file input-v5.cif (mmCIF, C-alpha atoms)
data_entry
loop_
_atom_site.label_atom_id
_atom_site.label_comp_id
_atom_site.auth_asym_id
_atom_site.auth_seq_id
_atom_site.Cartn_x
_atom_site.Cartn_y
_atom_site.Cartn_z
CA MET A 1 90.91 177.76 105.25
CA ALA A 2 90.09 174.04 105.26
CA VAL A 3 92.46 172.01 107.43
CA LEU A 4 94.82 169.98 105.25
CA PRO A 5 96.26 166.56 106.10
CA LEU A 6 99.27 167.33 108.33
CA ARG A 7 101.90 166.29 105.79
CA PHE A 8 100.27 168.30 103.00
CA ARG A 9 100.25 171.33 105.29
CA ILE A 10 103.94 170.96 106.13
CA LEU A 11 104.83 170.72 102.44
CA HIS A 12 102.50 173.62 101.64
CA LEU A 13 104.16 175.81 104.27
CA ILE A 14 107.71 175.01 103.11
CA ASN A 15 106.64 175.70 99.52
CA GLN A 16 105.15 179.04 100.56
CA ALA A 17 108.56 180.13 101.88
CA ASP A 18 109.44 180.56 98.21
CA GLY A 19 112.88 179.00 98.21
CA LYS A 20 113.92 180.44 101.58
CA PRO A 21 114.98 177.91 104.23
CA ILE A 22 112.47 177.67 107.07
CA LYS A 23 113.32 176.60 110.63
CA THR A 24 111.81 173.42 112.10
CA ASN A 25 110.63 175.41 115.13
CA ASP A 26 108.96 178.02 112.90
CA ILE A 27 107.06 175.31 111.00
CA TYR A 28 105.75 174.02 114.33
CA LYS A 29 104.73 177.50 115.51
CA GLU A 30 103.03 178.27 112.21
CA ILE A 31 100.80 175.19 112.19
CA PHE A 32 100.32 174.92 115.96
CA ASP A 33 96.92 176.67 116.06
CA GLU A 34 95.54 174.55 113.20
CA TYR A 35 96.30 171.14 114.70
CA THR A 36 96.56 171.72 118.43
CA GLY A 37 94.11 169.60 120.38
CA GLU A 38 94.48 166.68 117.95
CA GLY A 39 96.02 163.60 119.59
CA GLN A 40 98.41 163.16 116.65
CA PHE A 41 99.98 166.61 116.90
CA SER A 42 103.34 166.80 118.60
CA PHE A 43 106.74 168.25 117.80
CA ASP A 44 108.21 164.76 117.48
CA LEU A 45 105.57 163.60 114.98
CA MET A 46 106.00 166.76 112.93
CA GLU A 47 109.78 166.26 112.88
CA SER A 48 109.30 162.62 111.88
CA HIS A 49 107.07 163.79 108.98
CA LEU A 50 109.81 166.26 107.97
CA MET A 51 112.45 163.51 107.92
CA SER A 52 110.16 161.24 105.89
CA ILE A 53 109.30 163.97 103.37
CA LYS A 54 113.05 164.59 103.06
CA ALA A 55 113.74 160.84 102.62
CA VAL A 56 111.42 160.75 99.58
CA GLY A 57 113.07 163.85 98.11
CA LEU A 58 110.29 166.44 98.36
CA ILE A 59 112.29 168.74 100.67
CA ASP A 60 115.94 169.24 101.55
CA ALA A 61 117.44 169.76 105.01
CA VAL A 62 119.93 172.63 105.11
CA GLU A 63 121.67 174.98 107.57
CA PRO A 64 121.67 173.06 110.85
CA TYR A 65 121.22 175.11 114.02
CA PHE A 66 120.64 174.72 117.75
CA ASP A 67 117.26 175.99 118.96
CA GLU A 68 116.56 177.82 122.22
CA PHE A 69 116.29 174.47 124.04
CA GLY A 70 119.73 173.38 122.84
CA GLU A 71 118.30 170.83 120.38
CA ALA A 72 119.91 170.43 116.95
CA ARG A 73 117.45 171.18 114.13
CA TYR A 74 117.47 171.82 110.39
CA HIS A 75 116.09 174.50 108.17
CA TYR A 76 114.02 172.97 105.34
CA ILE A 77 113.68 174.02 101.74
CA ILE A 78 111.44 172.71 98.93
CA THR A 79 113.07 170.69 96.11
CA GLU A 80 112.07 170.72 92.44
CA THR A 81 110.32 167.34 92.95
CA GLY A 82 108.48 168.78 95.94
CA LYS A 83 107.41 171.84 93.93
CA ALA A 84 106.04 169.55 91.22
CA ARG A 85 104.00 167.66 93.82
CA THR A 86 102.38 170.83 95.13
CA LYS A 87 100.04 170.58 92.15
CA TYR A 88 98.24 168.02 94.31
CA LEU A 89 97.48 170.61 96.98
CA PRO A 90 93.78 171.56 96.94
CA LYS A 91 92.93 174.58 94.79
CA ILE A 92 91.09 176.34 97.63
CA LEU A 93 94.41 177.31 99.24
CA MET B 1 127.83 175.53 119.68
CA SER B 2 128.79 175.46 116.00
CA ASP B 3 126.75 174.50 112.97
CA LYS B 4 129.23 171.65 112.54
CA SER B 5 128.32 170.05 115.86
CA ALA B 6 124.59 170.58 115.09
CA GLN B 7 125.20 168.78 111.79
CA SER B 8 126.76 165.75 113.49
CA VAL B 9 123.86 165.53 115.98
CA LEU B 10 121.37 165.72 113.10
CA ASP B 11 123.29 163.15 111.03
CA ALA B 12 122.97 160.73 113.94
CA LYS B 13 119.22 161.49 114.21
CA GLN B 14 118.73 161.01 110.46
CA LEU B 15 120.66 157.75 110.55
CA LYS B 16 118.49 156.52 113.43
CA HIS B 17 115.39 157.40 111.38
CA ALA B 18 116.67 155.47 108.35
CA LYS B 19 117.61 152.48 110.55
CA LYS B 20 114.07 152.45 111.95
CA GLY B 21 112.91 152.38 108.31
CA ILE B 22 115.14 149.34 107.64
CA LEU B 23 113.67 147.58 110.67
CA ALA B 24 110.16 148.45 109.47
CA GLY B 25 110.99 146.96 106.05
CA VAL B 26 112.24 143.71 107.63
CA LEU B 27 109.13 143.50 109.84
CA SER B 28 106.85 144.10 106.85
CA GLY B 29 108.29 141.04 105.07
CA LEU B 30 108.27 138.84 108.16
CA LEU B 31 104.68 139.71 109.13
CA TRP B 32 103.39 139.21 105.56
CA GLY B 33 104.96 135.74 105.44
CA ALA B 34 103.37 134.94 108.81
CA SER B 35 99.95 136.29 107.79
CA GLY B 36 99.95 134.12 104.62
CA THR B 37 100.67 131.02 106.68
CA VAL B 38 97.89 131.91 109.17
CA LEU B 39 95.44 132.45 106.29
CA TYR B 40 96.33 129.02 104.94
CA LEU B 41 95.88 127.48 108.39
CA ALA B 42 92.42 129.11 108.70
CA LEU B 43 91.20 126.61 106.09
CA ASN B 44 91.74 123.86 108.69
CA PHE B 45 89.18 125.39 111.03
CA ARG B 46 85.40 125.36 111.11
CA PRO B 47 83.32 126.05 109.02
CA PHE B 48 85.70 125.10 106.17
CA VAL B 49 86.90 121.81 107.62
CA ASP B 50 83.28 120.68 108.15
CA TYR B 51 82.33 121.19 104.55
CA GLU B 52 81.67 118.10 102.49
CA MET B 53 83.69 118.66 99.34
CA PRO B 54 82.56 117.52 95.89
CA PRO B 55 85.07 115.28 94.00
CA ASP B 56 88.50 116.90 93.52
CA GLY B 57 88.86 118.89 90.33
CA SER B 58 85.13 119.07 89.63
CA LYS B 59 83.56 122.44 88.79
CA ALA B 60 81.53 122.33 91.99
CA ALA B 61 84.70 121.77 94.05
CA ILE B 62 86.42 124.70 92.34
CA ALA B 63 83.40 126.90 93.12
CA ILE B 64 83.65 125.93 96.81
CA LEU B 65 87.38 126.69 96.93
CA VAL B 66 86.76 130.07 95.28
CA ALA B 67 84.17 130.75 97.99
CA PHE B 68 86.71 129.77 100.72
CA ALA B 69 89.29 132.13 99.21
CA LEU B 70 86.98 135.11 98.73
CA CYS B 71 85.62 134.68 102.24
CA GLY B 72 89.24 134.69 103.48
CA ALA B 73 90.14 137.80 101.46
CA LEU B 74 87.03 139.63 102.68
CA MET B 75 87.70 138.73 106.32
CA HIS B 76 91.41 139.56 106.08
CA ASP B 77 90.96 143.02 104.57
CA THR B 78 87.99 143.84 106.82
CA PHE B 79 89.95 142.94 109.94
CA ALA B 80 93.05 144.72 108.65
CA ALA B 81 90.94 147.88 108.05
CA ILE B 82 89.51 147.64 111.58
CA TRP B 83 92.90 147.08 113.26
CA VAL B 84 94.51 149.95 111.36
CA ALA B 85 91.54 152.25 112.16
CA VAL B 86 91.86 151.36 115.87
CA HIS B 87 95.58 152.17 115.69
CA ASN B 88 94.90 155.49 113.93
CA ILE B 89 92.18 156.48 116.40
CA LYS B 90 94.54 155.66 119.27
CA GLU B 91 97.21 157.86 117.65
CA GLY B 92 94.69 160.71 117.29
CA LYS B 93 94.79 160.59 113.49
CA PHE B 94 91.15 159.83 112.70
CA LYS B 95 90.38 163.27 111.23
CA GLU B 96 93.16 162.70 108.71
CA TYR B 97 91.02 160.09 106.89
CA GLY B 98 88.47 162.66 105.70
CA ARG B 99 91.09 165.32 104.95
CA THR B 100 93.17 162.87 102.90
CA LEU B 101 90.20 161.47 100.98
CA ARG B 102 89.46 164.99 99.71
CA THR B 103 92.89 165.21 98.02
CA LYS B 104 94.00 163.80 94.67
CA PRO B 105 96.72 161.52 96.13
CA GLY B 106 94.06 160.21 98.54
CA LYS B 107 91.87 159.33 95.56
CA MET B 108 94.85 157.64 93.87
CA VAL B 109 95.30 155.46 96.95
CA CYS B 110 91.60 154.49 96.63
CA LEU B 111 92.10 153.52 92.99
CA GLY B 112 95.27 151.60 93.88
CA ALA B 113 93.30 149.82 96.61
CA LEU B 114 90.87 148.50 93.99
CA LEU B 115 93.78 146.93 92.09
CA GLY B 116 95.70 145.72 95.14
CA GLY B 117 92.66 144.55 97.08
CA PRO B 118 90.09 142.87 94.83
CA ILE B 119 92.63 141.81 92.17
CA GLY B 120 95.84 141.39 94.20
CA MET B 121 94.40 140.05 97.43
CA SER B 122 91.81 137.81 95.69
CA GLY B 123 94.52 136.28 93.49
CA TYR B 124 96.72 135.80 96.56
CA LEU B 125 94.01 134.15 98.67
CA LEU B 126 92.93 131.99 95.72
CA GLY B 127 96.60 130.99 95.32
CA ILE B 128 96.88 130.12 99.02
CA THR B 129 93.65 128.12 98.86
CA PHE B 130 94.58 126.07 95.82
CA VAL B 131 98.25 125.52 96.78
CA ASN B 132 100.13 125.93 100.07
CA ALA B 133 101.01 129.53 101.04
CA ALA B 134 104.67 128.51 100.79
CA TYR B 135 104.19 128.19 96.99
CA ALA B 136 101.88 131.18 96.50
CA LEU B 137 104.02 133.64 98.49
CA PRO B 138 107.23 133.38 96.40
CA ILE B 139 105.26 133.79 93.15
CA THR B 140 103.56 136.96 94.39
CA ALA B 141 106.92 138.30 95.62
CA ALA B 142 107.92 138.82 91.99
CA TYR B 143 105.61 141.87 91.82
CA PRO B 144 108.48 144.46 91.68
CA ALA B 145 109.80 142.69 88.57
CA LEU B 146 106.37 142.79 86.95
CA ALA B 147 106.03 146.47 87.96
CA ALA B 148 109.36 147.19 86.23
CA VAL B 149 108.16 145.44 83.05
CA LEU B 150 104.81 147.29 83.13
CA ALA B 151 106.57 150.63 83.72
CA THR B 152 108.76 149.96 80.68
CA PHE B 153 105.77 149.39 78.41
CA ILE B 154 103.27 151.86 79.89
CA PHE B 155 105.50 154.75 81.04
CA ARG B 156 108.40 153.94 78.66
CA GLU B 157 110.77 153.92 81.64
CA ARG B 158 114.34 152.90 80.85
CA ASN B 159 115.79 150.38 83.27
CA PRO B 160 119.47 149.54 83.85
CA ALA B 161 120.77 146.04 83.12
CA ARG B 162 120.61 145.20 86.86
CA VAL B 163 116.78 145.44 86.71
CA TRP B 164 116.56 143.04 83.77
CA VAL B 165 118.89 140.56 85.52
CA GLY B 166 116.48 140.78 88.49
CA VAL B 167 113.46 140.20 86.22
CA ALA B 168 115.20 137.15 84.68
CA LEU B 169 115.97 135.76 88.16
CA CYS B 170 112.31 136.18 89.16
CA ILE B 171 111.20 134.28 86.06
CA ILE B 172 113.72 131.48 86.70
CA GLY B 173 112.65 131.39 90.37
CA SER B 174 108.97 131.14 89.38
CA PHE B 175 109.73 128.15 87.14
CA LEU B 176 111.69 126.50 89.96
CA VAL B 177 108.76 126.98 92.34
CA TYR B 178 106.36 125.67 89.71
CA TYR B 179 108.48 122.60 89.06
CA ALA B 180 109.18 121.97 92.75
CA PRO B 181 107.35 118.67 93.22
CA LEU B 182 104.77 118.65 95.99
CA GLU B 183 105.79 116.46 98.89
CA GLY B 184 104.16 113.04 98.67
CA GLU B 185 102.82 113.58 95.15
CA THR B 186 104.37 112.42 91.96
CA GLU B 187 102.53 114.78 89.67
CA LYS B 188 100.85 118.09 90.08
CA ASP B 189 97.08 118.24 90.07
CA ILE B 190 94.79 120.80 88.47
CA TYR B 191 94.63 122.79 91.75
CA PHE B 192 98.38 123.41 91.67
CA THR B 193 98.18 124.93 88.18
CA ILE B 194 95.12 127.03 89.08
CA GLY B 195 96.83 128.19 92.28
CA MET B 196 100.00 129.22 90.49
CA VAL B 197 98.10 131.10 87.75
CA LEU B 198 96.01 132.92 90.35
CA SER B 199 99.12 133.80 92.39
CA THR B 200 100.44 135.45 89.23
CA LEU B 201 97.19 137.46 89.09
CA ALA B 202 98.01 138.71 92.62
CA CYS B 203 101.42 139.70 91.35
CA LEU B 204 99.80 141.72 88.54
CA GLY B 205 97.35 143.42 90.94
CA TRP B 206 100.07 144.45 93.40
CA ALA B 207 102.44 145.57 90.64
CA SER B 208 99.79 147.87 89.14
CA GLU B 209 98.77 149.10 92.61
CA GLY B 210 102.40 149.99 93.26
CA LEU B 211 102.67 151.93 89.99
CA LEU B 212 99.50 153.87 90.68
CA SER B 213 99.77 154.70 94.33
CA THR B 214 103.51 155.30 94.77
CA TYR B 215 103.24 158.59 92.94
CA GLY B 216 101.58 161.02 95.30
CA MET B 217 101.69 158.70 98.30
CA ASP B 218 104.85 160.43 99.48
CA MET B 219 102.62 163.25 100.68
CA ILE B 220 100.28 161.09 102.74
CA ASP B 221 100.84 159.83 106.28
CA PRO B 222 101.53 156.09 105.67
CA ASP B 223 99.20 154.98 108.47
CA ILE B 224 96.34 156.93 106.88
CA ALA B 225 97.14 155.74 103.35
CA LEU B 226 96.96 152.20 104.63
CA GLY B 227 93.73 152.79 106.57
CA ILE B 228 92.13 154.07 103.36
CA ARG B 229 93.58 151.25 101.28
CA GLU B 230 92.28 148.47 103.51
CA GLY B 231 88.92 150.17 104.07
CA VAL B 232 88.28 150.69 100.34
CA SER B 233 89.34 147.12 99.62
CA ALA B 234 86.99 145.68 102.29
CA VAL B 235 84.04 147.72 100.98
CA ALA B 236 84.85 146.68 97.39
CA TYR B 237 84.69 143.00 98.41
CA PHE B 238 81.26 143.46 99.97
CA VAL B 239 79.63 145.50 97.21
CA ILE B 240 81.50 144.67 93.98
CA VAL B 241 83.75 141.60 93.94
CA ILE B 242 81.73 138.96 95.73
CA PRO B 243 78.34 139.84 94.16
CA ILE B 244 79.94 139.78 90.68
CA VAL B 245 81.83 136.49 91.21
CA VAL B 246 78.75 134.81 92.70
CA LEU B 247 76.62 136.02 89.79
CA PHE B 248 79.00 134.93 87.03
CA MET B 249 80.21 131.62 88.46
CA ASN B 250 76.81 130.46 89.58
CA ASP B 251 75.64 129.29 86.12
CA SER B 252 78.77 127.56 84.89
CA PHE B 253 80.38 126.28 88.10
CA GLY B 254 77.50 125.92 90.53
CA PRO B 255 76.77 127.76 93.77
CA VAL B 256 79.63 129.86 95.23
CA PRO B 257 78.59 130.00 98.89
CA VAL B 258 80.78 132.92 100.00
CA TRP B 259 78.06 134.51 102.15
CA ASP B 260 77.26 131.16 103.80
CA PHE B 261 80.92 130.74 104.74
CA PHE B 262 81.16 134.33 105.86
CA THR B 263 78.14 134.01 108.15
CA ALA B 264 79.35 130.65 109.49
CA ALA B 265 82.93 131.90 109.94
CA THR B 266 81.75 134.80 112.11
CA ARG B 267 80.28 132.24 114.53
CA THR B 268 83.24 129.83 114.69
CA SER B 269 86.91 129.72 115.66
CA ALA B 270 87.80 130.82 112.11
CA LEU B 271 86.80 134.36 113.14
CA SER B 272 89.68 134.68 115.62
CA ILE B 273 92.11 133.14 113.11
CA TYR B 274 91.09 135.72 110.49
CA ALA B 275 91.26 138.50 113.09
CA PHE B 276 94.83 137.39 113.84
CA ALA B 277 95.72 137.15 110.13
CA GLY B 278 94.21 140.63 109.63
CA LEU B 279 96.32 141.95 112.52
CA LEU B 280 99.52 140.47 111.04
CA GLY B 281 98.64 141.53 107.49
CA GLY B 282 97.48 145.01 108.53
CA PHE B 283 100.65 145.71 110.51
CA SER B 284 102.79 144.23 107.77
CA TYR B 285 101.33 146.96 105.54
CA VAL B 286 101.78 149.60 108.27
CA TYR B 287 105.50 148.77 108.46
CA TRP B 288 105.74 148.50 104.66
CA TYR B 289 104.27 151.97 104.13
CA ARG B 290 106.44 153.38 106.94
CA ALA B 291 109.54 151.80 105.44
CA LEU B 292 108.66 153.35 102.06
CA ASN B 293 108.57 156.76 103.72
CA MET B 294 111.48 156.40 106.11
CA THR B 295 114.07 154.71 103.96
CA GLY B 296 112.88 155.11 100.36
CA VAL B 297 111.00 152.91 97.89
CA ALA B 298 113.98 150.85 96.69
CA ARG B 299 115.21 149.70 100.08
CA ALA B 300 111.71 149.18 101.47
CA MET B 301 110.66 147.04 98.50
CA ALA B 302 113.85 145.01 98.66
CA LEU B 303 113.24 144.19 102.32
CA ASN B 304 109.51 143.57 101.89
CA VAL B 305 109.94 140.89 99.24
CA THR B 306 111.91 138.73 101.66
CA TYR B 307 108.42 137.43 102.59
CA ALA B 308 109.00 134.86 99.81
CA LEU B 309 111.52 133.17 102.09
CA TRP B 310 109.64 133.82 105.34
CA GLY B 311 106.59 132.16 103.75
CA VAL B 312 108.53 128.97 102.99
CA LEU B 313 110.08 128.96 106.48
CA PHE B 314 106.73 129.44 108.26
CA GLY B 315 105.13 126.88 105.94
CA ALA B 316 107.80 124.37 106.98
CA LEU B 317 107.42 125.20 110.67
CA PHE B 318 103.64 125.45 111.03
CA THR B 319 102.05 123.43 108.21
CA THR B 320 102.49 119.89 106.96
CA LEU B 321 104.69 121.10 104.11
CA THR B 322 108.22 119.78 103.72
CA PRO B 323 109.88 122.28 101.38
CA THR B 324 111.92 120.75 98.59
CA VAL B 325 115.27 122.12 97.48
CA TYR B 326 113.57 123.49 94.32
CA LEU B 327 111.12 125.46 96.45
CA TRP B 328 113.88 126.98 98.59
CA LEU B 329 115.97 127.76 95.50
CA GLY B 330 112.97 129.22 93.65
CA ALA B 331 111.93 131.40 96.60
CA ALA B 332 115.53 132.59 97.06
CA ALA B 333 115.90 133.36 93.32
CA ILE B 334 112.64 135.38 93.33
CA ALA B 335 113.62 137.28 96.49
CA LEU B 336 117.09 138.02 95.08
CA GLY B 337 115.64 139.00 91.69
CA ALA B 338 113.10 141.33 93.33
CA ILE B 339 115.87 142.92 95.42
CA LEU B 340 117.94 143.51 92.26
CA VAL B 341 114.93 145.10 90.54
CA SER B 342 114.28 147.35 93.52
CA ALA B 343 117.73 148.54 94.50
CA ASN B 344 121.41 148.54 93.71
CA PRO B 345 122.83 146.15 96.33
CA ARG B 346 125.86 148.44 96.76
CA GLU B 347 123.55 151.32 97.78
CA LEU B 348 121.28 149.19 99.96
CA PHE B 349 123.10 149.72 103.24
CA LYS B 350 124.53 153.18 102.63
CA LEU B 351 122.22 155.09 104.92
CA ARG B 352 124.23 158.25 105.39
CA ASN B 353 122.51 160.26 102.68
CA THR B 354 118.98 159.06 103.34
#

call {"tool": "encode", "arguments": {"input": "input-v5.cif", "output": "structure tokens"}}
result
Amino acid sequence: MAVLPLRFRILHLINQADGKPIKTNDIYKEIFDEYTGEGQFSFDLMESHLMSIKAVGLIDAVEPYFDEFGEARYHYIITETGKARTKYLPKIL
Amino acid sequence: MSDKSAQSVLDAKQLKHAKKGILAGVLSGLLWGASGTVLYLALNFRPFVDYEMPPDGSKAAIAILVAFALCGALMHDTFAAIWVAVHNIKEGKFKEYGRTLRTKPGKMVCLGALLGGPIGMSGYLLGITFVNAAYALPITAAYPALAAVLATFIFRERNPARVWVGVALCIIGSFLVYYAPLEGETEKDIYFTIGMVLSTLACLGWASEGLLSTYGMDMIDPDIALGIREGVSAVAYFVIVIPIVVLFMNDSFGPVPVWDFFTAATRTSALSIYAFAGLLGGFSYVYWYRALNMTGVARAMALNVTYALWGVLFGALFTTLTPTVYLWLGAAAIALGAILVSANPRELFKLRNT
């Protein structure tokens, strides 16, 4: 699979969950192999992307939880607006 | 620990994120105002200051001023593209350029760049060249109002009364700026009128860029969107805009020596001035795109357009301009009108649900 821009990939993954909330830590684990080694890739940057995608209404943050490191995180779920935007994801996926 | 305490920790984190977005929006306006003033000041450096100008108002003089402006726009966007690329490489994001360009939103950013760069930026630089940046900046700041009008006619969007009050304020503000007498002059010359008309062209270019690239840009890393935008704009100046302008103006106005200025500017102090303007302008856009993503379009746009006032302030501090009351009032009316178009003032500082 061609590597997508990081934000596209995050949206793609949350959309794939098919309406089920997905944990922040699981998103990171899922895309880790695809982007590891790139200077841009870090948990903090991914979380910042998640907050920005939420701020523009493409995803919603639900069901807060504490992860194994004691950090507060959200589950994320795609919104109707976000679903509509997935038409921009490349067809090869 | 309960979900409730996790929620309060996350609320604080989200609020911090939105506040960073507010700060980015403020910085975007401040840096754009500063970059406009620096671009205006660049005209006081070699090679421009050395140039023997034909009589004021003559066709040949207009051709020279157009060449100054296009050279400035080319240098600004080229430097901005370079600075943003350096920033993106440093952040390890370089591969994202190619990945993003292969997507449809990436292509929309390219198309938006052609409207915002060659049309918006050329109009803006021409405005700055023909009149002081302090006059050109407030006029261009009305672009959200023009975008709202365009969206009404093209996309048949329905706007609340607040938006139309904002549009009216922008129009009133533009008239105030236009009628603000230039210090030391009793009547406006032809350059003032040309400068104001061309500043309105910038407004049109940026309004249409906003309409085109906002949709779909939510999915793109703002630093990458900007890198693409500035890069496409710089290339378009080199291969489309300048060759076309030189070709068409040459017969009726006389030689438009953009390339002569460009070559000379790369060997003089003007180069460092443009590099500095490109740095300010490039990072103004970086913060603007970040603000759009971190705090939403309405708030980001409302904060960005404060550059109308920053431009007048910097013009007063760093150029020979003494702003008149009409100029201050006009700039304030445009900034206020653009804020009203962009956001409901009551919602502007409610960050809790961002």

call {"tool": "closest_residue", "arguments": {"input": "input-v5.cif", "among": "A:Thr36, A:Asn25, A:Ser52, A:Asn15", "to": "A:Glu68", "atoms": "only C-alpha atoms"}}
result
A:Asn25

call {"tool": "interface_residues", "arguments": {"input": "input-v5.cif", "of": "chain B", "to": "chain A", "cutoff": "10 Å", "atoms": "only C-alpha atoms", "output": "tab-separated table (two decimals) with C-alpha atoms, in the coordinates of the input"}}
result
chain	number	residue	atom	x	y	z
B	1	MET	CA	127.83	175.53	119.68
B	2	SER	CA	128.79	175.46	116.00
B	3	ASP	CA	126.75	174.50	112.97
B	4	LYS	CA	129.23	171.65	112.54
B	5	SER	CA	128.32	170.05	115.86
B	6	ALA	CA	124.59	170.58	115.09
B	7	GLN	CA	125.20	168.78	111.79
B	8	SER	CA	126.76	165.75	113.49
B	9	VAL	CA	123.86	165.53	115.98
B	10	LEU	CA	121.37	165.72	113.10
B	11	ASP	CA	123.29	163.15	111.03
B	13	LYS	CA	119.22	161.49	114.21
B	14	GLN	CA	118.73	161.01	110.46
B	17	HIS	CA	115.39	157.40	111.38
B	18	ALA	CA	116.67	155.47	108.35
B	21	GLY	CA	112.91	152.38	108.31
B	88	ASN	CA	94.90	155.49	113.93
B	89	ILE	CA	92.18	156.48	116.40
B	90	LYS	CA	94.54	155.66	119.27
B	91	GLU	CA	97.21	157.86	117.65
B	92	GLY	CA	94.69	160.71	117.29
B	93	LYS	CA	94.79	160.59	113.49
B	94	PHE	CA	91.15	159.83	112.70
B	95	LYS	CA	90.38	163.27	111.23
B	96	GLU	CA	93.16	162.70	108.71
B	97	TYR	CA	91.02	160.09	106.89
B	98	GLY	CA	88.47	162.66	105.70
B	99	ARG	CA	91.09	165.32	104.95
B	100	THR	CA	93.17	162.87	102.90
B	101	LEU	CA	90.20	161.47	100.98
B	102	ARG	CA	89.46	164.99	99.71
B	103	THR	CA	92.89	165.21	98.02
B	104	LYS	CA	94.00	163.80	94.67
B	105	PRO	CA	96.72	161.52	96.13
B	106	GLY	CA	94.06	160.21	98.54
B	215	TYR	CA	103.24	158.59	92.94
B	216	GLY	CA	101.58	161.02	95.30
B	218	ASP	CA	104.85	160.43	99.48
B	219	MET	CA	102.62	163.25	100.68
B	220	ILE	CA	100.28	161.09	102.74
B	221	ASP	CA	100.84	159.83	106.28
B	224	ILE	CA	96.34	156.93	106.88
B	290	ARG	CA	106.44	153.38	106.94
B	291	ALA	CA	109.54	151.80	105.44
B	292	LEU	CA	108.66	153.35	102.06
B	293	ASN	CA	108.57	156.76	103.72
B	294	MET	CA	111.48	156.40	106.11
B	295	THR	CA	114.07	154.71	103.96
B	296	GLY	CA	112.88	155.11	100.36
B	297	VAL	CA	111.00	152.91	97.89
B	353	ASN	CA	122.51	160.26	102.68
B	354	THR	CA	118.98	159.06	103.34

call {"tool": "atom_distance", "arguments": {"input": "input-v5.cif", "atom1": "atom CA of B:Arg267", "atom2": "atom CA of B:Ser284"}}
result
26.4 Å

call {"tool": "axis_aligned_box", "arguments": {"input": "input-v5.cif", "around": "stretch 37-55 of chain A", "padding_each_side": "8 Å", "output": "JSON"}}
result
{"center_x": 103.9, "center_y": 165.2, "center_z": 111.5, "size_x": 35.6, "size_y": 24.8, "size_z": 33.8}

call {"tool": "atom_distance", "arguments": {"input": "input-v5.cif", "atom1": "atom CA of B:Leu313", "atom2": "atom CA of B:Leu41"}}
result
14.4 Å

call {"tool": "atom_distance", "arguments": {"input": "input-v5.cif", "atom1": "atom CA of B:Tyr135", "atom2": "atom CA of B:Tyr307"}}
result
11.6 Å

call {"tool": "residues_around", "arguments": {"input": "input-v5.cif", "residues": "B:Trp259", "least_positions_apart": "3", "cutoff": "8 Å", "atoms": "only C-alpha atoms", "output": "NGL selection string"}}
result
:B and (71 or 262-263)

call {"tool": "residues_around", "arguments": {"input": "input-v5.cif", "residues": "stretch 299-302 of chain B", "least_positions_apart": "4", "cutoff": "7 Å", "atoms": "all atoms listed in the file", "output": "list of chain:residue names"}}
result
B:Gly25, B:Trp288, B:Ala291, B:Leu292, B:Thr295, B:Ala338, B:Ile339, B:Ser342, B:Ala343, B:Leu348

call {"tool": "closest_residue", "arguments": {"input": "input-v5.cif", "among": "B:Gly210, B:Arg162, B:Asp77, B:Ala151", "to": "B:Met108", "atoms": "only C-alpha atoms"}}
result
B:Gly210
